[in-house]
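The next block is start_32.pdb, given as PDB, C-alpha atoms and all ligand atoms.
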MODEL        1
ATOM      1  CA  MET A  14     127.090 -73.800   0.977
ATOM      2  CA  HIS A  15     126.791 -70.053   1.220
ATOM      3  CA  CYS A  16     125.418 -67.883   3.941
ATOM      4  CA  GLU A  17     122.002 -66.680   2.896
ATOM      5  CA  VAL A  18     122.533 -63.351   4.562
ATOM      6  CA  CYS A  19     125.990 -62.175   3.625
ATOM      7  CA  GLY A  20     126.594 -64.611   0.803
ATOM      8  CA  ARG A  21     129.935 -65.780   2.119
ATOM      9  CA  GLU A  22     130.982 -69.398   2.018
ATOM     10  CA  ILE A  23     130.092 -71.172   5.241
ATOM     11  CA  TYR A  24     132.942 -73.181   6.680
ATOM     12  CA  GLY A  25     131.972 -75.946   9.044
ATOM     13  CA  GLN A  26     128.516 -76.129  10.510
ATOM     14  CA  PRO A  27     126.015 -73.669   9.172
ATOM     15  CA  TYR A  28     123.635 -72.027  11.596
ATOM     16  CA  TYR A  29     119.904 -72.181  11.165
ATOM     17  CA  ARG A  30     118.274 -68.989  12.219
ATOM     18  CA  VAL A  31     114.950 -67.334  11.682
ATOM     19  CA  ILE A  32     115.787 -63.849  10.526
ATOM     20  CA  GLU A  33     113.127 -61.302   9.621
ATOM     21  CA  GLY A  34     110.615 -64.115   9.596
ATOM     22  CA  GLY A  35     112.525 -66.211   7.102
ATOM     23  CA  LYS A  36     114.352 -69.449   7.673
ATOM     24  CA  MET A  37     117.955 -68.805   6.818
ATOM     25  CA  THR A  38     121.032 -70.912   6.652
ATOM     26  CA  VAL A  39     123.726 -68.577   7.782
ATOM     27  CA  CYS A  40     127.343 -68.274   8.813
ATOM     28  CA  GLY A  41     128.499 -67.827  12.388
ATOM     29  CA  GLN A  42     128.667 -64.075  11.986
ATOM     30  CA  CYS A  43     125.165 -63.675  10.714
ATOM     31  CA  ALA A  44     123.821 -66.168  13.256
ATOM     32  CA  GLN A  45     124.251 -63.385  15.798
ATOM     33  CA  PHE A  46     121.422 -61.439  14.233
ATOM     34  CA  SER A  47     118.867 -63.836  15.566
ATOM     35  CA  LYS A  48     118.486 -66.140  18.488
ATOM     36  CA  GLN A  49     115.550 -67.901  16.957
ATOM     37  CA  GLU A  50     116.559 -71.214  15.491
ATOM     38  CA  TRP A  51     114.744 -73.511  13.143
ATOM     39  CA  ASP A  52     115.183 -77.178  12.642
ATOM     40  CA  PRO A  53     116.449 -78.111   9.196
ATOM     41  CA  ARG A  54     115.363 -81.689   9.691
ATOM     42  CA  LYS A  55     111.712 -80.815   9.875
ATOM     43  CA  PRO A  56     109.877 -80.720   6.561
ATOM     44  CA  GLN A  57     109.689 -77.251   5.141
ATOM     45  CA  ALA A  58     107.580 -75.461   2.649
ATOM     46  CA  ARG A  59     110.677 -74.486   0.764
ATOM     47  CA  PRO A  60     113.171 -77.338   0.842
ATOM     48  CA  ILE A  61     116.796 -76.544   0.399
ATOM     49  CA  ARG A  62     118.134 -78.632  -2.397
ATOM     50  CA  ARG A  63     121.756 -79.053  -3.001
ATOM     51  CA  ARG A  64     122.827 -78.721  -6.554
ATOM     52  CA  PRO A  65     124.152 -82.040  -7.780
ATOM     53  CA  SER A  66     127.290 -80.575  -9.254
ATOM     54  CA  GLY A  67     128.981 -77.466 -10.500
ATOM     55  CA  ALA A  68     127.282 -74.115 -10.296
ATOM     56  CA  PRO A  69     127.181 -73.250  -6.641
ATOM     57  CA  GLN A  70     124.064 -71.491  -5.650
ATOM     58  CA  ILE A  71     125.119 -67.933  -5.161
ATOM     59  CA  ARG A  72     121.714 -66.469  -5.377
ATOM     60  CA  ARG A  73     121.235 -64.896  -2.034
ATOM     61  CA  ARG A  74     117.850 -64.397  -0.686
ATOM     62  CA  SER A  75     117.453 -60.770   0.025
ATOM     63  CA  ASP A  76     115.148 -60.153   2.886
ATOM     64  CA  ILE A  77     115.725 -56.482   2.440
ATOM     65  CA  GLU A  78     113.417 -56.692  -0.543
ATOM     66  CA  VAL A  79     110.992 -58.884   1.286
ATOM     67  CA  ALA A  80     110.652 -56.496   4.182
ATOM     68  CA  GLU A  81     108.013 -54.054   3.128
ATOM     69  CA  SER A  82     109.950 -50.905   2.583
ATOM     70  CA  ILE A  83     108.166 -47.687   2.006
ATOM     71  CA  GLU A  84     110.244 -44.709   1.143
ATOM     72  CA  VAL A  85     108.472 -41.632   2.293
ATOM     73  CA  VAL A  86     109.652 -38.110   1.729
ATOM     74  CA  GLU A  87     111.513 -36.278   4.427
ATOM     75  CA  LYS A  88     109.356 -34.270   6.782
ATOM     76  CA  TYR A  89     106.237 -35.940   5.487
ATOM     77  CA  GLY A  90     104.511 -35.138   8.756
ATOM     78  CA  ILE A  91     104.880 -31.410   8.291
ATOM     79  CA  LEU A  92     103.891 -31.749   4.668
ATOM     80  CA  ILE A  93     100.693 -33.503   5.598
ATOM     81  CA  ARG A  94      99.870 -31.012   8.314
ATOM     82  CA  LYS A  95     100.541 -27.959   6.183
ATOM     83  CA  THR A  96      98.581 -29.290   3.237
ATOM     84  CA  ARG A  97      95.732 -30.294   5.473
ATOM     85  CA  GLN A  98      95.646 -26.847   7.055
ATOM     86  CA  LYS A  99      95.779 -25.173   3.661
ATOM     87  CA  LYS A 100      92.692 -27.074   2.731
ATOM     88  CA  GLY A 101      91.069 -25.880   5.915
ATOM     89  CA  LEU A 102      90.690 -29.358   7.329
ATOM     90  CA  THR A 103      90.949 -30.051  11.007
ATOM     91  CA  ILE A 104      92.481 -33.269  12.168
ATOM     92  CA  GLU A 105      88.998 -34.454  12.926
ATOM     93  CA  ASP A 106      87.730 -33.665   9.409
ATOM     94  CA  PHE A 107      90.745 -35.221   7.868
ATOM     95  CA  ALA A 108      90.507 -38.343   9.967
ATOM     96  CA  LYS A 109      86.880 -38.739   8.955
ATOM     97  CA  LYS A 110      87.659 -38.352   5.296
ATOM     98  CA  LEU A 111      90.326 -40.986   5.552
ATOM     99  CA  ASN A 112      88.235 -43.181   7.761
ATOM    100  CA  GLU A 113      91.042 -43.237  10.282
ATOM    101  CA  LYS A 114      91.298 -42.409  13.948
ATOM    102  CA  GLU A 115      92.351 -38.915  14.868
ATOM    103  CA  SER A 116      95.188 -40.379  16.855
ATOM    104  CA  VAL A 117      96.523 -41.998  13.705
ATOM    105  CA  ILE A 118      96.549 -38.665  11.922
ATOM    106  CA  LYS A 119      98.184 -36.947  14.871
ATOM    107  CA  LYS A 120     100.884 -39.565  15.029
ATOM    108  CA  MET A 121     101.376 -39.381  11.296
ATOM    109  CA  GLU A 122     101.894 -35.647  11.447
ATOM    110  CA  LYS A 123     104.360 -36.024  14.260
ATOM    111  CA  GLU A 124     106.025 -38.803  12.340
ATOM    112  CA  GLN A 125     105.540 -41.129  15.264
ATOM    113  CA  LEU A 126     103.869 -43.694  13.117
ATOM    114  CA  ASN A 127     105.215 -45.805  10.337
ATOM    115  CA  PRO A 128     102.545 -45.282   7.753
ATOM    116  CA  ASN A 129     101.517 -48.181   5.637
ATOM    117  CA  MET A 130     100.930 -48.023   1.937
ATOM    118  CA  THR A 131      97.153 -47.937   2.234
ATOM    119  CA  LEU A 132      97.271 -44.949   4.527
ATOM    120  CA  ILE A 133      99.810 -43.164   2.371
ATOM    121  CA  ARG A 134      97.688 -43.684  -0.732
ATOM    122  CA  LYS A 135      94.607 -42.384   1.014
ATOM    123  CA  ILE A 136      96.416 -39.299   2.210
ATOM    124  CA  GLN A 137      97.955 -38.688  -1.178
ATOM    125  CA  ASN A 138      94.576 -38.901  -2.858
ATOM    126  CA  GLU A 139      92.917 -36.733  -0.302
ATOM    127  CA  LEU A 140      95.510 -33.999  -0.202
ATOM    128  CA  GLY A 141      96.845 -34.311  -3.712
ATOM    129  CA  ILE A 142     100.423 -34.542  -2.544
ATOM    130  CA  ASN A 143     103.185 -37.019  -3.067
ATOM    131  CA  LEU A 144     104.537 -38.640   0.047
ATOM    132  CA  LEU A 145     106.615 -41.268  -1.581
ATOM    133  CA  ASP A 146     110.223 -40.593  -2.135
ATOM    134  CA  THR A 147     110.896 -41.459  -5.711
ATOM    135  CA  SER A 148     114.092 -39.509  -6.153
ATOM    136  CA  PRO A 149     116.842 -41.785  -7.402
ATOM    137  CA  ALA A 150     119.312 -40.465  -4.846
ATOM    138  CA  THR A 151     117.626 -42.272  -2.033
ATOM    139  CA  LYS A 152     117.005 -45.448  -3.942
ATOM    140  CA  GLY A 153     119.266 -48.397  -3.501
ATOM    141  CA  PRO A 154     120.786 -49.055  -0.128
ATOM    142  CA  VAL A 155     118.137 -48.867   2.479
ATOM    143  CA  LEU A 156     120.611 -48.191   5.240
ATOM    144  CA  SER A 157     120.028 -44.475   5.353
ATOM    145  CA  ARG A 158     116.300 -44.821   5.231
ATOM    146  CA  PRO A 159     115.001 -42.560   7.976
ATOM    147  CA  MET A 160     112.119 -44.770   8.954
ATOM    148  CA  GLY A 161     110.115 -47.852   8.228
ATOM    149  CA  PRO A 162     110.467 -51.389   9.405
ATOM    150  CA  ARG A 163     113.907 -52.366  10.459
ATOM    151  CA  THR A 164     115.655 -54.298   7.756
ATOM    152  CA  LEU A 165     118.439 -56.751   7.709
ATOM    153  CA  GLY A 166     120.636 -53.981   6.424
ATOM    154  CA  ASP A 167     119.993 -51.949   9.520
ATOM    155  CA  MET A 168     120.650 -54.956  11.671
ATOM    156  CA  ILE A 169     123.971 -55.488  10.031
ATOM    157  CA  LYS A 170     124.818 -51.867  10.444
ATOM    158  CA  ILE A 171     124.095 -51.639  14.129
ATOM    159  CA  LYS A 172     125.404 -55.074  14.935
ATOM    160  CA  THR A 173     123.663 -55.571  18.212
ATOM    161  CA  PRO A 174     122.975 -59.261  18.496
ATOM    162  CA  LYS A 175     120.509 -59.019  21.295
ATOM    163  CA  ASP A 176     118.622 -56.194  19.730
ATOM    164  CA  GLU A 177     115.047 -57.308  19.645
ATOM    165  CA  GLU A 178     112.674 -56.815  16.818
ATOM    166  CA  GLU A 179     110.174 -54.333  18.006
ATOM    167  CA  GLU A 180     107.497 -53.265  15.692
ATOM    168  CA  GLU A 181     105.666 -50.186  16.748
TER
HETATM  169 ZN    ZN B   1     126.854 -64.535   6.818
ENDMDL
END

Any chance you could put this one into structure tokens?
Ligand SMILES: [Zn+2]
Amino acid sequence: MHCEVCGREIYGQPYYRVIEGGKMTVCGQCAQFSKQEWDPRKPQARPIRRRPSGAPQIRRRSDIEVAESIEVVEKYGILIRKTRQKKGLTIEDFAKKLNEKESVIKKMEKEQLNPNMTLIRKIQNELGINLLDTSPATKGPVLSRPMGPRTLGDMIKIKTPKDEEEEE
């Protein structure tokens, strides 16, 4: 059996932990990432089946992909504000156009808010700018991602077992 987080072979008892909302069978190391356990004996939506023989299951479930990751451009807040001002829109006008609260716009521009895809699309359409980082340099490892929901990658990097998941 392999750890579903790091992919290493699990020696001895595997640990059952809920990590990033997913039930994972993990090694002792990765068990530290979560204190939330799940019971493998209870029926699950996605049963773990052992392969009868040969081919060990090395496919590792990547929760990094599962976690909604939006790559926005650097300094998107300033970009939004400047473009908005160029168009002569106040925060109030802009908020109305987007059907959002002014506070949302303010937070966005101060980059105090993790924007979701819907909001980003609306802003892009409204201002005619691109907020999504599509440059290949920043693709791939999500570790250096400046913002967005915390991923497993980040958790591994900071290695603080009692670090709690805190969404905004
Ligand atoms: Zn592991």

- Message: Could you list, as an NGL selection string, all residues that come within 7 Å of ligand ZN 1 (chain B)? Count only C-alpha atoms and all ligand atoms.
- Response: :A and (16-21 or 39-43)

- Message: Selection in question (the file shown): the PyMOL selection byres (((chain A and resi 29) around 6) and not hetatm). Which residues does it include, as a PyMOL selection string?
- Response: chain A and resi 28+30+37-38+50-51

Near-Ile104 (chain A) list (10 Å; all atoms listed in the file; drop same-chain fewer than 2 positions) as a compact mmCIF listing (two decimals) with C-alpha atoms, in the frame of the given file:
# COMPACT_ATOMS: atom_id res chain seq x y z
CA ARG A 94 99.87 -31.01 8.31
CA ARG A 97 95.73 -30.29 5.47
CA GLN A 98 95.65 -26.85 7.06
CA GLY A 101 91.07 -25.88 5.92
CA LEU A 102 90.69 -29.36 7.33
CA ASP A 106 87.73 -33.66 9.41
CA PHE A 107 90.74 -35.22 7.87
CA ALA A 108 90.51 -38.34 9.97
CA LYS A 109 86.88 -38.74 8.96
CA LYS A 110 87.66 -38.35 5.30
CA LYS A 114 91.30 -42.41 13.95
CA GLU A 115 92.35 -38.92 14.87
CA SER A 116 95.19 -40.38 16.86
CA VAL A 117 96.52 -42.00 13.70
CA ILE A 118 96.55 -38.66 11.92
CA LYS A 119 98.18 -36.95 14.87
CA GLU A 122 101.89 -35.65 11.45

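Distance-wise, CA of Leu92 (chain A) and CA of Ile142 (chain A) end up 8.5 Å apart.
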
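Rounded to one decimal, CA of Gly35 (chain A) and CA of Lys55 (chain A) lie 14.9 Å from each other.
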
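Using all atoms listed in the file, the shortest contact distance between Ile91 (chain A) and any of A:Thr147, A:Gln125, A:Gln45, A:Asn138 is found at A:Gln125.
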
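The gap separating CA of Asp146 (chain A) from CA of Val86 (chain A) is 4.6 Å, in Å to one decimal.
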
- Note on the structure: Of A:Lys100, A:Gly90, A:His15, A:Val85, the one nearest to Met130 (chain A) when counting only C-alpha atoms is A:Val85

- Item | Option closest in space to Leu144 (chain A), from A:Glu124, A:Glu113, A:Glu84, A:Glu33 [counting all atoms listed in the file] | A:Glu84
